[in-house]
$ cat work20.json   # JSON, C-alpha atoms
[["chain", "number", "residue", "atom", "x", "y", "z"],
["A", 86, "MET", "CA", -97.62, -48.14, 41.89],
["A", 87, "THR", "CA", -100.50, -50.14, 40.47],
["A", 88, "PRO", "CA", -100.18, -53.89, 40.95],
["A", 89, "VAL", "CA", -99.37, -55.92, 37.87],
["A", 90, "PRO", "CA", -102.45, -57.75, 36.59],
["A", 91, "ALA", "CA", -102.73, -61.22, 38.07],
["A", 92, "SER", "CA", -102.72, -62.76, 34.59],
["A", 93, "GLU", "CA", -99.21, -61.38, 33.95],
["A", 94, "ASP", "CA", -97.98, -62.86, 37.22],
["A", 95, "ALA", "CA", -99.73, -66.19, 36.67],
["A", 96, "ASP", "CA", -97.44, -67.21, 33.82],
["A", 97, "LEU", "CA", -94.33, -66.30, 35.78],
["A", 98, "VAL", "CA", -95.62, -68.09, 38.88],
["A", 99, "ALA", "CA", -96.41, -71.23, 36.86],
["A", 100, "ARG", "CA", -92.91, -71.20, 35.38],
["A", 101, "ALA", "CA", -91.35, -70.56, 38.80],
["A", 102, "LYS", "CA", -93.27, -73.52, 40.24],
["A", 103, "GLN", "CA", -91.55, -75.65, 37.59],
["A", 104, "GLY", "CA", -88.17, -74.44, 38.84],
["A", 105, "ASP", "CA", -87.62, -71.56, 36.39],
["A", 106, "ARG", "CA", -85.41, -69.18, 38.39],
["A", 107, "LEU", "CA", -85.53, -66.52, 35.68],
["A", 108, "ALA", "CA", -89.31, -66.34, 35.96],
["A", 109, "PHE", "CA", -89.01, -65.93, 39.72],
["A", 110, "GLU", "CA", -86.33, -63.25, 39.22],
["A", 111, "ASP", "CA", -88.84, -61.37, 37.03],
["A", 112, "LEU", "CA", -91.32, -61.50, 39.92],
["A", 113, "VAL", "CA", -88.62, -60.27, 42.29],
["A", 114, "ARG", "CA", -87.85, -57.32, 39.99],
["A", 115, "ARG", "CA", -91.53, -56.41, 39.82],
["A", 116, "TYR", "CA", -92.07, -56.31, 43.57],
["A", 117, "ALA", "CA", -88.69, -55.83, 45.28],
["A", 118, "ASP", "CA", -88.83, -52.05, 45.64],
["A", 119, "ARG", "CA", -92.42, -51.97, 46.78],
["A", 120, "LEU", "CA", -91.96, -54.82, 49.27],
["A", 121, "HIS", "CA", -88.80, -53.21, 50.63],
["A", 122, "ALA", "CA", -90.65, -49.90, 51.15],
["A", 123, "VAL", "CA", -93.38, -51.63, 53.14],
["A", 124, "VAL", "CA", -90.94, -53.62, 55.23],
["A", 125, "LEU", "CA", -88.82, -50.51, 55.90],
["A", 126, "ARG", "CA", -91.84, -48.74, 57.32],
["A", 127, "LEU", "CA", -92.47, -51.69, 59.60],
["A", 128, "VAL", "CA", -88.93, -52.22, 60.91],
["A", 129, "ASP", "CA", -87.49, -48.66, 60.83],
["A", 130, "ASP", "CA", -83.98, -49.72, 59.87],
["A", 131, "ARG", "CA", -82.63, -50.02, 56.32],
["A", 132, "HIS", "CA", -80.36, -52.95, 57.12],
["A", 133, "ASP", "CA", -83.16, -54.83, 58.86],
["A", 134, "ALA", "CA", -85.53, -54.02, 56.00],
["A", 135, "GLU", "CA", -83.07, -55.38, 53.45],
["A", 136, "GLU", "CA", -82.61, -58.52, 55.55],
["A", 137, "ALA", "CA", -86.36, -59.05, 55.99],
["A", 138, "THR", "CA", -87.06, -58.37, 52.29],
["A", 139, "GLN", "CA", -84.36, -60.79, 51.20],
["A", 140, "GLU", "CA", -85.64, -63.42, 53.61],
["A", 141, "ALA", "CA", -89.20, -62.88, 52.32],
["A", 142, "PHE", "CA", -88.07, -63.57, 48.75],
["A", 143, "LEU", "CA", -86.11, -66.64, 49.86],
["A", 144, "ARG", "CA", -89.14, -67.97, 51.69],
["A", 145, "ALA", "CA", -91.32, -67.23, 48.67],
["A", 146, "TRP", "CA", -88.94, -69.11, 46.37],
["A", 147, "ARG", "CA", -88.77, -72.09, 48.73],
["A", 148, "SER", "CA", -92.55, -72.24, 49.05],
["A", 149, "ILE", "CA", -93.66, -71.12, 45.57],
["A", 150, "ASP", "CA", -95.11, -74.59, 44.95],
["A", 151, "ARG", "CA", -97.54, -73.95, 47.85],
["A", 152, "PHE", "CA", -98.87, -70.74, 46.30],
["A", 153, "LYS", "CA", -102.41, -71.75, 45.37],
["A", 154, "GLY", "CA", -103.38, -68.66, 43.42],
["A", 155, "ASP", "CA", -106.30, -67.87, 45.75],
["A", 156, "SER", "CA", -104.93, -64.34, 45.95],
["A", 157, "GLN", "CA", -102.70, -62.24, 43.76],
["A", 158, "PHE", "CA", -99.02, -63.14, 43.92],
["A", 159, "PHE", "CA", -98.05, -59.75, 45.33],
["A", 160, "THR", "CA", -100.62, -60.16, 48.14],
["A", 161, "TRP", "CA", -99.09, -63.52, 49.04],
["A", 162, "LEU", "CA", -95.59, -62.07, 48.83],
["A", 163, "TYR", "CA", -96.50, -59.05, 50.97],
["A", 164, "ARG", "CA", -97.91, -61.34, 53.61],
["A", 165, "ILE", "CA", -94.59, -63.15, 53.75],
["A", 166, "GLY", "CA", -92.79, -59.78, 53.93],
["A", 167, "VAL", "CA", -95.03, -58.46, 56.71],
["A", 168, "ASN", "CA", -94.52, -61.69, 58.64],
["A", 169, "GLU", "CA", -90.74, -61.43, 58.18],
["A", 170, "ALA", "CA", -90.80, -57.83, 59.40],
["A", 171, "HIS", "CA", -92.79, -58.91, 62.44],
["A", 172, "ARG", "CA", -90.46, -61.81, 63.11],
["A", 173, "LEU", "CA", -87.38, -59.60, 62.78],
["A", 174, "THR", "CA", -88.69, -56.86, 65.06],
["A", 175, "GLY", "CA", -89.47, -59.49, 67.65],
["A", 176, "ARG", "CA", -85.84, -60.65, 67.57],
["A", 177, "ARG", "CA", -84.17, -57.24, 67.51],
["A", 178, "ALA", "CA", -83.53, -54.94, 70.41],
["A", 179, "ALA", "CA", -84.81, -51.39, 70.03],
["A", 180, "ARG", "CA", -82.70, -49.37, 67.61],
["A", 181, "PRO", "CA", -82.78, -45.77, 66.48],
["A", 182, "ALA", "CA", -85.57, -45.24, 64.00],
["A", 183, "VAL", "CA", -85.17, -44.17, 60.40],
["A", 184, "SER", "CA", -86.49, -40.69, 59.90],
["A", 185, "LEU", "CA", -88.98, -39.95, 57.17],
["A", 186, "ASP", "CA", -86.30, -37.75, 55.56],
["A", 187, "GLU", "CA", -84.32, -40.92, 54.86],
["A", 188, "GLN", "CA", -87.39, -42.50, 53.25],
["A", 189, "ASP", "CA", -87.64, -39.92, 50.47],
["A", 190, "VAL", "CA", -90.55, -38.05, 51.98],
["A", 191, "PRO", "CA", -90.66, -34.61, 50.39],
["A", 192, "PRO", "CA", -89.65, -31.74, 52.65],
["A", 193, "ALA", "CA", -91.91, -28.85, 53.43],
["A", 194, "ASP", "CA", -92.73, -26.60, 50.48],
["A", 195, "PRO", "CA", -89.87, -24.09, 50.24],
["A", 196, "ALA", "CA", -92.43, -21.39, 49.42],
["A", 197, "LEU", "CA", -93.77, -21.72, 52.95],
["A", 198, "GLY", "CA", -92.55, -19.26, 55.49],
["A", 199, "PRO", "CA", -90.29, -20.32, 58.35],
["A", 200, "ASP", "CA", -93.18, -20.76, 60.77],
["A", 201, "ALA", "CA", -95.14, -22.97, 58.39],
["A", 202, "ARG", "CA", -92.03, -25.04, 57.61],
["A", 203, "ALA", "CA", -91.36, -25.50, 61.31],
["A", 204, "GLN", "CA", -94.98, -26.62, 61.85],
["A", 205, "HIS", "CA", -94.64, -29.05, 58.92],
["A", 206, "ASP", "CA", -91.43, -30.48, 60.37],
["A", 207, "ASP", "CA", -92.98, -30.77, 63.83],
["A", 208, "LEU", "CA", -96.00, -32.58, 62.41],
["A", 209, "ARG", "CA", -93.80, -34.95, 60.41],
["A", 210, "ALA", "CA", -91.74, -35.76, 63.51],
["A", 211, "ALA", "CA", -94.91, -36.32, 65.54],
["A", 212, "LEU", "CA", -96.30, -38.63, 62.83],
["A", 213, "GLU", "CA", -93.03, -40.59, 62.73],
["A", 214, "SER", "CA", -93.10, -41.01, 66.47],
["A", 215, "ALA", "CA", -96.79, -41.93, 66.59],
["A", 216, "ILE", "CA", -96.48, -44.56, 63.85],
["A", 217, "ARG", "CA", -93.29, -45.96, 65.37],
["A", 218, "ALA", "CA", -95.03, -46.27, 68.74],
["A", 219, "LEU", "CA", -97.80, -48.47, 67.34],
["A", 220, "ASP", "CA", -97.69, -52.18, 68.02],
["A", 221, "HIS", "CA", -97.02, -54.22, 64.88],
["A", 222, "ASP", "CA", -100.64, -55.43, 64.81],
["A", 223, "TYR", "CA", -101.76, -51.81, 64.34],
["A", 224, "ARG", "CA", -98.77, -50.38, 62.51],
["A", 225, "ALA", "CA", -98.96, -52.86, 59.63],
["A", 226, "PRO", "CA", -102.59, -52.06, 58.71],
["A", 227, "LEU", "CA", -101.84, -48.34, 58.77],
["A", 228, "VAL", "CA", -98.78, -48.73, 56.55],
["A", 229, "LEU", "CA", -100.45, -51.12, 54.10],
["A", 230, "ARG", "CA", -103.67, -49.14, 53.72],
["A", 231, "ASP", "CA", -102.75, -45.49, 54.27],
["A", 232, "VAL", "CA", -99.13, -45.37, 53.18],
["A", 233, "GLU", "CA", -99.04, -48.04, 50.47],
["A", 234, "GLY", "CA", -102.58, -47.38, 49.31],
["A", 235, "LEU", "CA", -103.64, -51.01, 49.12],
["A", 236, "SER", "CA", -107.32, -51.80, 49.17],
["A", 237, "THR", "CA", -108.82, -53.02, 52.41],
["A", 238, "ALA", "CA", -109.30, -56.48, 50.89],
["A", 239, "GLN", "CA", -105.67, -56.68, 49.73],
["A", 240, "ALA", "CA", -104.25, -55.41, 53.03],
["A", 241, "ALA", "CA", -106.48, -57.72, 55.07],
["A", 242, "ALA", "CA", -105.38, -60.69, 52.97],
["A", 243, "ILE", "CA", -101.73, -59.76, 53.45],
["A", 244, "MET", "CA", -102.22, -59.73, 57.20],
["A", 245, "GLY", "CA", -104.29, -62.91, 57.18],
["A", 246, "LEU", "CA", -107.29, -61.12, 58.66],
["A", 247, "GLY", "CA", -110.91, -60.81, 57.72],
["A", 248, "GLU", "CA", -111.88, -57.36, 56.47],
["A", 249, "ALA", "CA", -113.84, -56.53, 59.63],
["A", 250, "ALA", "CA", -110.88, -57.33, 61.89],
["A", 251, "PHE", "CA", -108.55, -55.43, 59.60],
["A", 252, "LYS", "CA", -110.83, -52.37, 59.59],
["A", 253, "SER", "CA", -111.00, -52.48, 63.37],
["A", 254, "ARG", "CA", -107.20, -52.49, 63.70],
["A", 255, "LEU", "CA", -106.85, -49.76, 61.09],
["A", 256, "HIS", "CA", -109.42, -47.61, 62.87],
["A", 257, "ARG", "CA", -107.64, -48.04, 66.21],
["A", 258, "ALA", "CA", -104.29, -47.22, 64.60],
["A", 259, "ARG", "CA", -105.68, -44.07, 63.00],
["A", 260, "LEU", "CA", -107.21, -42.97, 66.30],
["A", 261, "ALA", "CA", -103.94, -43.53, 68.14],
["A", 262, "VAL", "CA", -101.97, -41.57, 65.56],
["A", 263, "ARG", "CA", -104.54, -38.77, 65.49],
["A", 264, "ASP", "CA", -104.48, -38.51, 69.28],
["A", 265, "ALA", "CA", -100.68, -38.49, 69.30],
["A", 266, "VAL", "CA", -100.40, -35.66, 66.76],
["A", 267, "ARG", "CA", -103.40, -33.62, 67.88],
["A", 268, "ASP", "CA", -101.24, -30.88, 69.41],
["A", 269, "HIS", "CA", -99.32, -30.52, 66.13],
["A", 270, "LEU", "CA", -102.32, -30.00, 63.88],
["A", 271, "PRO", "CA", -103.29, -26.48, 62.88],
["A", 272, "GLN", "CA", -106.20, -25.21, 64.93],
["A", 273, "GLU", "CA", -109.27, -24.13, 63.01],
["A", 274, "PRO", "CA", -110.61, -20.73, 64.03],
["A", 275, "ARG", "CA", -113.80, -20.92, 66.06],
["A", 276, "ALA", "CA", -116.82, -19.15, 64.66]]
$ encode --input "work20.json" --output "structure tokens"
Amino acid sequence: MTPVPASEDADLVARAKQGDRLAFEDLVRRYADRLHAVVLRLVDDRHDAEEATQEAFLRAWRSIDRFKGDSQFFTWLYRIGVNEAHRLTGRRAARPAVSLDEQDVPPADPALGPDARAQHDDLRAALESAIRALDHDYRAPLVLRDVEGLSTAQAAAIMGLGEAAFKSRLHRARLAVRDAVRDHLPQEPRA
């Protein structure tokens, strides 16, 4: 999903700052699904993701007057959501993780043979496990940049980091995931 142009959000934000709940509800409708998807990848539990997303919107509404417009609204909102996810995971005991199947990730191509499908499923399970094992400080950059497709600048702003620090965390996260799934990747024939 491509972010809504900042100019379209600016009018709604200005109206919301004046107490217009309908304008804020329009902002919620624009970003609720996308924010929920990000938060779900960070907390691994649908109930927790719904709770963190709802809390993020409540916090955004309560502090909309402090939104300065230095960044896009969705960047500011995502930062609140990422912080809520982090806060929630810090309070919760470990729970069973949500599998990628439950997150609408497409299954292996049915045209693949049984061996290829099994390899695909093994790789997906290894990726799930590797991402889940990352500390929040490394998981969030990976989700924001590689899963959500945000630019480095947007993702760094959401996390409240400079781009260099963000890139460093993203690089470390990618290395950790790559190392964790190495045994599940197809081997290239040696020449």
$ residues_around --input "work20.json" --residues "Pro226 of chain A" --least-positions-apart "2" --cutoff "9 Å" --atoms "all atoms listed in the file" --output "list in words"
His221, Asp222, Tyr223, Arg224, Val228, Leu229, Arg230, Asp231, Thr237, Ala240, Ala241, Met244, Phe251, Lys252, Arg254, Leu255 and Ala258 of chain A
$ atom_distance --input "work20.json" --atom1 "atom CA of Tyr163 of chain A" --atom2 "atom CA of Glu136 of chain A"
14.6 Å
$ closest_residue --input "work20.json" --among "A:Ala117, A:His171, A:Ala99, A:Ala108" --to "Glu135 of chain A" --atoms "all atoms listed in the file"
A:Ala117
$ closest_residue --input "work20.json" --among "A:Leu162, A:Ala250, A:Val128, A:Val123" --to "Arg144 of chain A" --atoms "all atoms listed in the file"
A:Leu162
$ atom_distance --input "work20.json" --atom1 "atom CA of Leu107 of chain A" --atom2 "atom CA of Ser92 of chain A"
17.6 Å
$ residues_around --input "work20.json" --residues "Val262 of chain A" --least-positions-apart "5" --cutoff "8 Å" --atoms "only C-alpha atoms" --output "VMD selection string"
chain A and resid 212 215 to 216
$ write_last_selection --input "work20.json" --atoms "C-alpha atoms" --output "JSON list (two decimals), in the frame of the given file"
[["chain", "number", "residue", "atom", "x", "y", "z"],
["A", 212, "LEU", "CA", -96.30, -38.63, 62.83],
["A", 215, "ALA", "CA", -96.79, -41.93, 66.59],
["A", 216, "ILE", "CA", -96.48, -44.56, 63.85]]
$ atom_distance --input "work20.json" --atom1 "atom CA of His121 of chain A" --atom2 "atom CA of Leu97 of chain A"
20.6 Å
$ closest_residue --input "work20.json" --among "A:Val124, A:Asp133, A:Asp206, A:Gln239" --to "Asn168 of chain A" --atoms "all atoms listed in the file"
A:Val124
$ decode --input "work20.json" --residues "segment 240-267 of chain A" --atoms "N, CA and C atoms" --output "PDB file, in the first residue's frame"
ATOM      1  N   ALA A 240      11.160   4.344   7.993  1.00  0.00           N
ATOM      2  CA  ALA A 240      11.293   3.351   9.056  1.00  0.00           C
ATOM      3  C   ALA A 240      12.167   3.878  10.186  1.00  0.00           C
ATOM      4  N   ALA A 241      13.241   4.575   9.845  1.00  0.00           N
ATOM      5  CA  ALA A 241      14.112   5.149  10.875  1.00  0.00           C
ATOM      6  C   ALA A 241      13.347   6.182  11.702  1.00  0.00           C
ATOM      7  N   ALA A 242      12.543   7.000  11.042  1.00  0.00           N
ATOM      8  CA  ALA A 242      11.756   8.001  11.760  1.00  0.00           C
ATOM      9  C   ALA A 242      10.749   7.336  12.691  1.00  0.00           C
ATOM     10  N   ILE A 243      10.126   6.268  12.233  1.00  0.00           N
ATOM     11  CA  ILE A 243       9.166   5.551  13.065  1.00  0.00           C
ATOM     12  C   ILE A 243       9.831   5.038  14.325  1.00  0.00           C
ATOM     13  N   MET A 244      11.046   4.555  14.185  1.00  0.00           N
ATOM     14  CA  MET A 244      11.761   4.008  15.337  1.00  0.00           C
ATOM     15  C   MET A 244      12.485   5.078  16.152  1.00  0.00           C
ATOM     16  N   GLY A 245      12.489   6.310  15.662  1.00  0.00           N
ATOM     17  CA  GLY A 245      13.171   7.377  16.380  1.00  0.00           C
ATOM     18  C   GLY A 245      14.679   7.252  16.316  1.00  0.00           C
ATOM     19  N   LEU A 246      15.163   6.730  15.196  1.00  0.00           N
ATOM     20  CA  LEU A 246      16.601   6.522  15.007  1.00  0.00           C
ATOM     21  C   LEU A 246      17.100   7.346  13.833  1.00  0.00           C
ATOM     22  N   GLY A 247      18.375   7.630  13.830  1.00  0.00           N
ATOM     23  CA  GLY A 247      18.996   8.190  12.644  1.00  0.00           C
ATOM     24  C   GLY A 247      19.096   7.076  11.604  1.00  0.00           C
ATOM     25  N   GLU A 248      19.262   7.454  10.346  1.00  0.00           N
ATOM     26  CA  GLU A 248      19.316   6.444   9.292  1.00  0.00           C
ATOM     27  C   GLU A 248      20.493   5.500   9.453  1.00  0.00           C
ATOM     28  N   ALA A 249      21.638   6.009   9.888  1.00  0.00           N
ATOM     29  CA  ALA A 249      22.812   5.147  10.054  1.00  0.00           C
ATOM     30  C   ALA A 249      22.562   4.084  11.133  1.00  0.00           C
ATOM     31  N   ALA A 250      21.990   4.484  12.246  1.00  0.00           N
ATOM     32  CA  ALA A 250      21.684   3.528  13.323  1.00  0.00           C
ATOM     33  C   ALA A 250      20.641   2.521  12.864  1.00  0.00           C
ATOM     34  N   PHE A 251      19.640   3.020  12.134  1.00  0.00           N
ATOM     35  CA  PHE A 251      18.613   2.118  11.621  1.00  0.00           C
ATOM     36  C   PHE A 251      19.223   1.096  10.675  1.00  0.00           C
ATOM     37  N   LYS A 252      20.056   1.551   9.742  1.00  0.00           N
ATOM     38  CA  LYS A 252      20.689   0.643   8.780  1.00  0.00           C
ATOM     39  C   LYS A 252      21.545  -0.397   9.490  1.00  0.00           C
ATOM     40  N   SER A 253      22.213   0.002  10.536  1.00  0.00           N
ATOM     41  CA  SER A 253      23.032  -0.928  11.302  1.00  0.00           C
ATOM     42  C   SER A 253      22.170  -2.020  11.925  1.00  0.00           C
ATOM     43  N   ARG A 254      21.058  -1.638  12.528  1.00  0.00           N
ATOM     44  CA  ARG A 254      20.164  -2.626  13.142  1.00  0.00           C
ATOM     45  C   ARG A 254      19.551  -3.538  12.078  1.00  0.00           C
ATOM     46  N   LEU A 255      19.156  -2.942  10.962  1.00  0.00           N
ATOM     47  CA  LEU A 255      18.568  -3.731   9.879  1.00  0.00           C
ATOM     48  C   LEU A 255      19.582  -4.738   9.349  1.00  0.00           C
ATOM     49  N   HIS A 256      20.802  -4.296   9.169  1.00  0.00           N
ATOM     50  CA  HIS A 256      21.853  -5.183   8.672  1.00  0.00           C
ATOM     51  C   HIS A 256      22.076  -6.350   9.642  1.00  0.00           C
ATOM     52  N   ARG A 257      22.142  -6.049  10.914  1.00  0.00           N
ATOM     53  CA  ARG A 257      22.342  -7.104  11.921  1.00  0.00           C
ATOM     54  C   ARG A 257      21.163  -8.075  11.932  1.00  0.00           C
ATOM     55  N   ALA A 258      19.955  -7.533  11.800  1.00  0.00           N
ATOM     56  CA  ALA A 258      18.767  -8.396  11.770  1.00  0.00           C
ATOM     57  C   ALA A 258      18.795  -9.314  10.554  1.00  0.00           C
ATOM     58  N   ARG A 259      19.127  -8.758   9.399  1.00  0.00           N
ATOM     59  CA  ARG A 259      19.197  -9.570   8.185  1.00  0.00           C
ATOM     60  C   ARG A 259      20.254 -10.664   8.309  1.00  0.00           C
ATOM     61  N   LEU A 260      21.402 -10.317   8.885  1.00  0.00           N
ATOM     62  CA  LEU A 260      22.453 -11.323   9.068  1.00  0.00           C
ATOM     63  C   LEU A 260      21.985 -12.441  10.003  1.00  0.00           C
ATOM     64  N   ALA A 261      21.326 -12.058  11.080  1.00  0.00           N
ATOM     65  CA  ALA A 261      20.847 -13.062  12.036  1.00  0.00           C
ATOM     66  C   ALA A 261      19.824 -13.988  11.390  1.00  0.00           C
ATOM     67  N   VAL A 262      18.915 -13.418  10.618  1.00  0.00           N
ATOM     68  CA  VAL A 262      17.904 -14.238   9.949  1.00  0.00           C
ATOM     69  C   VAL A 262      18.568 -15.132   8.908  1.00  0.00           C
ATOM     70  N   ARG A 263      19.469 -14.564   8.134  1.00  0.00           N
ATOM     71  CA  ARG A 263      20.154 -15.358   7.111  1.00  0.00           C
ATOM     72  C   ARG A 263      20.911 -16.522   7.745  1.00  0.00           C
ATOM     73  N   ASP A 264      21.623 -16.259   8.827  1.00  0.00           N
ATOM     74  CA  ASP A 264      22.352 -17.329   9.502  1.00  0.00           C
ATOM     75  C   ASP A 264      21.403 -18.399  10.043  1.00  0.00           C
ATOM     76  N   ALA A 265      20.253 -17.969  10.544  1.00  0.00           N
ATOM     77  CA  ALA A 265      19.299 -18.910  11.124  1.00  0.00           C
ATOM     78  C   ALA A 265      18.636 -19.800  10.080  1.00  0.00           C
ATOM     79  N   VAL A 266      18.498 -19.304   8.854  1.00  0.00           N
ATOM     80  CA  VAL A 266      17.806 -20.094   7.815  1.00  0.00           C
ATOM     81  C   VAL A 266      18.769 -20.702   6.802  1.00  0.00           C
ATOM     82  N   ARG A 267      20.034 -20.507   6.999  1.00  0.00           N
ATOM     83  CA  ARG A 267      21.043 -20.978   6.043  1.00  0.00           C
ATOM     84  C   ARG A 267      20.843 -22.438   5.644  1.00  0.00           C
TER      85      ARG A 267
END
